[in-house]
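Shown below: input_36.pdb, with PDB, C-alpha atoms.
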ATOM      1  CA  MET A   1       0.251  16.340 -45.821
ATOM      2  CA  THR A   2      -2.608  15.681 -48.259
ATOM      3  CA  GLU A   3      -2.417  13.244 -51.150
ATOM      4  CA  GLU A   4      -2.290  16.118 -53.671
ATOM      5  CA  THR A   5       0.565  17.763 -51.768
ATOM      6  CA  ASP A   6       2.298  14.391 -51.628
ATOM      7  CA  ILE A   7       2.057  14.025 -55.425
ATOM      8  CA  ALA A   8       3.187  17.612 -56.041
ATOM      9  CA  ALA A   9       6.296  16.962 -53.939
ATOM     10  CA  LEU A  10       7.370  13.973 -56.054
ATOM     11  CA  SER A  11      10.033  14.364 -58.699
ATOM     12  CA  PHE A  12       8.977  13.579 -62.251
ATOM     13  CA  GLU A  13      10.921  10.310 -62.135
ATOM     14  CA  ASP A  14       9.383   9.201 -58.825
ATOM     15  CA  ALA A  15       5.872  10.081 -59.993
ATOM     16  CA  LEU A  16       6.416   8.131 -63.217
ATOM     17  CA  LYS A  17       7.735   5.076 -61.334
ATOM     18  CA  GLU A  18       4.714   5.109 -59.031
ATOM     19  CA  LEU A  19       2.394   5.495 -62.005
ATOM     20  CA  GLU A  20       4.034   2.483 -63.666
ATOM     21  CA  ARG A  21       3.510   0.415 -60.486
ATOM     22  CA  ILE A  22      -0.146   1.449 -60.373
ATOM     23  CA  VAL A  23      -0.700   0.529 -64.029
ATOM     24  CA  SER A  24       0.947  -2.847 -63.436
ATOM     25  CA  ARG A  25      -1.256  -3.483 -60.392
ATOM     26  CA  LEU A  26      -4.407  -2.527 -62.293
ATOM     27  CA  GLU A  27      -3.429  -4.656 -65.291
ATOM     28  CA  SER A  28      -2.868  -7.678 -63.039
ATOM     29  CA  GLY A  29      -6.559  -7.671 -62.132
ATOM     30  CA  ASP A  30      -5.756  -8.597 -58.529
ATOM     31  CA  ALA A  31      -7.075  -5.402 -56.948
ATOM     32  CA  LEU A  32     -10.534  -5.395 -55.413
ATOM     33  CA  LEU A  33     -12.972  -2.863 -56.871
ATOM     34  CA  ASP A  34     -12.533  -0.221 -54.151
ATOM     35  CA  GLU A  35      -8.747  -0.556 -54.306
ATOM     36  CA  ALA A  36      -8.797  -0.411 -58.122
ATOM     37  CA  ILE A  37     -10.828   2.803 -58.027
ATOM     38  CA  ALA A  38      -8.417   4.376 -55.506
ATOM     39  CA  LEU A  39      -5.440   3.255 -57.604
ATOM     40  CA  TYR A  40      -7.017   4.689 -60.745
ATOM     41  CA  GLU A  41      -7.679   8.033 -59.039
ATOM     42  CA  ARG A  42      -4.104   8.255 -57.734
ATOM     43  CA  GLY A  43      -2.768   7.196 -61.126
ATOM     44  CA  ASP A  44      -4.773   9.917 -62.839
ATOM     45  CA  ALA A  45      -3.383  12.510 -60.417
ATOM     46  CA  LEU A  46       0.153  11.225 -61.031
ATOM     47  CA  ARG A  47      -0.394  11.343 -64.803
ATOM     48  CA  GLY A  48      -1.532  14.951 -64.513
ATOM     49  CA  GLN A  49       1.532  15.833 -62.418
ATOM     50  CA  CYS A  50       3.882  14.187 -64.941
ATOM     51  CA  ALA A  51       2.193  15.986 -67.843
ATOM     52  CA  ALA A  52       2.455  19.334 -66.057
ATOM     53  CA  ARG A  53       6.152  18.789 -65.330
ATOM     54  CA  LEU A  54       6.819  17.847 -68.967
ATOM     55  CA  ASP A  55       4.928  20.919 -70.202
ATOM     56  CA  ALA A  56       6.975  23.132 -67.873
ATOM     57  CA  ALA A  57      10.229  21.563 -69.023
ATOM     58  CA  GLN A  58       9.260  21.958 -72.669
ATOM     59  CA  ALA A  59       8.526  25.646 -72.129
ATOM     60  CA  ARG A  60      12.016  26.149 -70.683
ATOM     61  CA  ILE A  61      13.884  24.536 -73.590
ATOM     62  CA  GLU A  62      15.487  26.993 -75.968
ATOM     63  CA  ALA A  63      17.111  26.385 -79.319
ATOM     64  CA  ILE A  64      20.471  28.013 -79.928
ATOM     65  CA  ARG A  65      20.665  29.997 -83.170
ATOM     66  CA  ALA A  66      23.958  30.410 -84.972
ATOM     67  CA  ASP A  67      24.951  32.999 -87.560
ATOM     68  CA  ALA A  68      26.522  32.205 -90.955
ATOM     69  CA  ASP A  69      29.957  31.881 -89.313
ATOM     70  CA  GLY A  70      28.692  29.427 -86.699
ATOM     71  CA  ARG A  71      28.750  31.899 -83.810
ATOM     72  CA  VAL A  72      25.889  31.964 -81.341
ATOM     73  CA  ALA A  73      23.432  34.619 -82.464
ATOM     74  CA  GLY A  74      20.787  34.116 -79.826
ATOM     75  CA  THR A  75      18.134  31.704 -78.697
ATOM     76  CA  THR A  76      14.544  31.017 -79.657
ATOM     77  CA  PRO A  77      11.849  29.347 -77.553
ATOM     78  CA  PHE A  78      11.166  25.662 -78.116
ATOM     79  CA  ALA A  79       8.490  25.069 -80.756
ATOM     80  CA  ALA A  80       6.822  21.672 -80.488
ATOM     81  CA  GLY A  81       6.168  20.406 -83.877
TER
END

Structure encoded using structure tokens:
Amino acid sequence: MTEETDIAALSFEDALKELERIVSRLESGDALLDEAIALYERGDALRGQCAARLDAAQARIEAIRADADGRVAGTTPFAAG
């Protein structure tokens, strides 16, 4: 399994937790240069995966429309605003 496949298999929550650990490690300043670069690269891939999952979730959200009597009249796609 490649690193990219590994990241793609993570749930949003697991990817976010790992990203938070990476940021914490980088902020500590304890990582050697080569390790910091590898952490940054993995963190960037995790960030991209989280962003893609959020974009997909946002596209699936629908707003419920009601008529004047409060009955469901249909749905409309989510509009980020």

Between CA of Glu18 (chain A) and CA of Arg53 (chain A), distance in Å (one decimal): 15.1 Å

Enclose the full set of atoms of region 53-68 of chain A listed in the file within a box whose edges lie along x, y and z, apply 3 Å of padding to each of the six sides, and report centre and edge lengths in Å to one decimal as JSON.
{"center_x": 15.7, "center_y": 25.4, "center_z": -78.1, "size_x": 27.6, "size_y": 21.2, "size_z": 31.6}

CA of Gly43 (chain A) to CA of Ala56 (chain A), distance in Å rounded to a single decimal: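 One can read the CA of Gly43 (chain A) to CA of Ala56 (chain A) distance as 19.9 Å.
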
Contacts of Leu16 (chain A) within 10 Å, all atoms listed in the file, excl. fewer than 4 positions in-chain, as a list in words: Leu10, Ser11, Phe12, Glu20, Arg21, Ile22, Gly43, Leu46, Arg47, Gln49 and Cys50 of chain A

Point-to-point distance from CA of Ala45 (chain A) to CA of Ile7 (chain A), Å rounded to tenths: 7.5 Å

Residue nearest Leu39 (chain A) - candidates A:Leu26, A:Ala15, A:Pro77, A:Arg65, atoms counted: all atoms listed in the file: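 When distances to Leu39 (chain A) are compared using all atoms listed in the file, the smallest one comes from A:Leu26.
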
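Nearest to Leu54 (chain A) of all the residues A:Glu13, A:Glu41, A:Gly74, A:Asp6 is A:Glu13, counting only C-alpha atoms.
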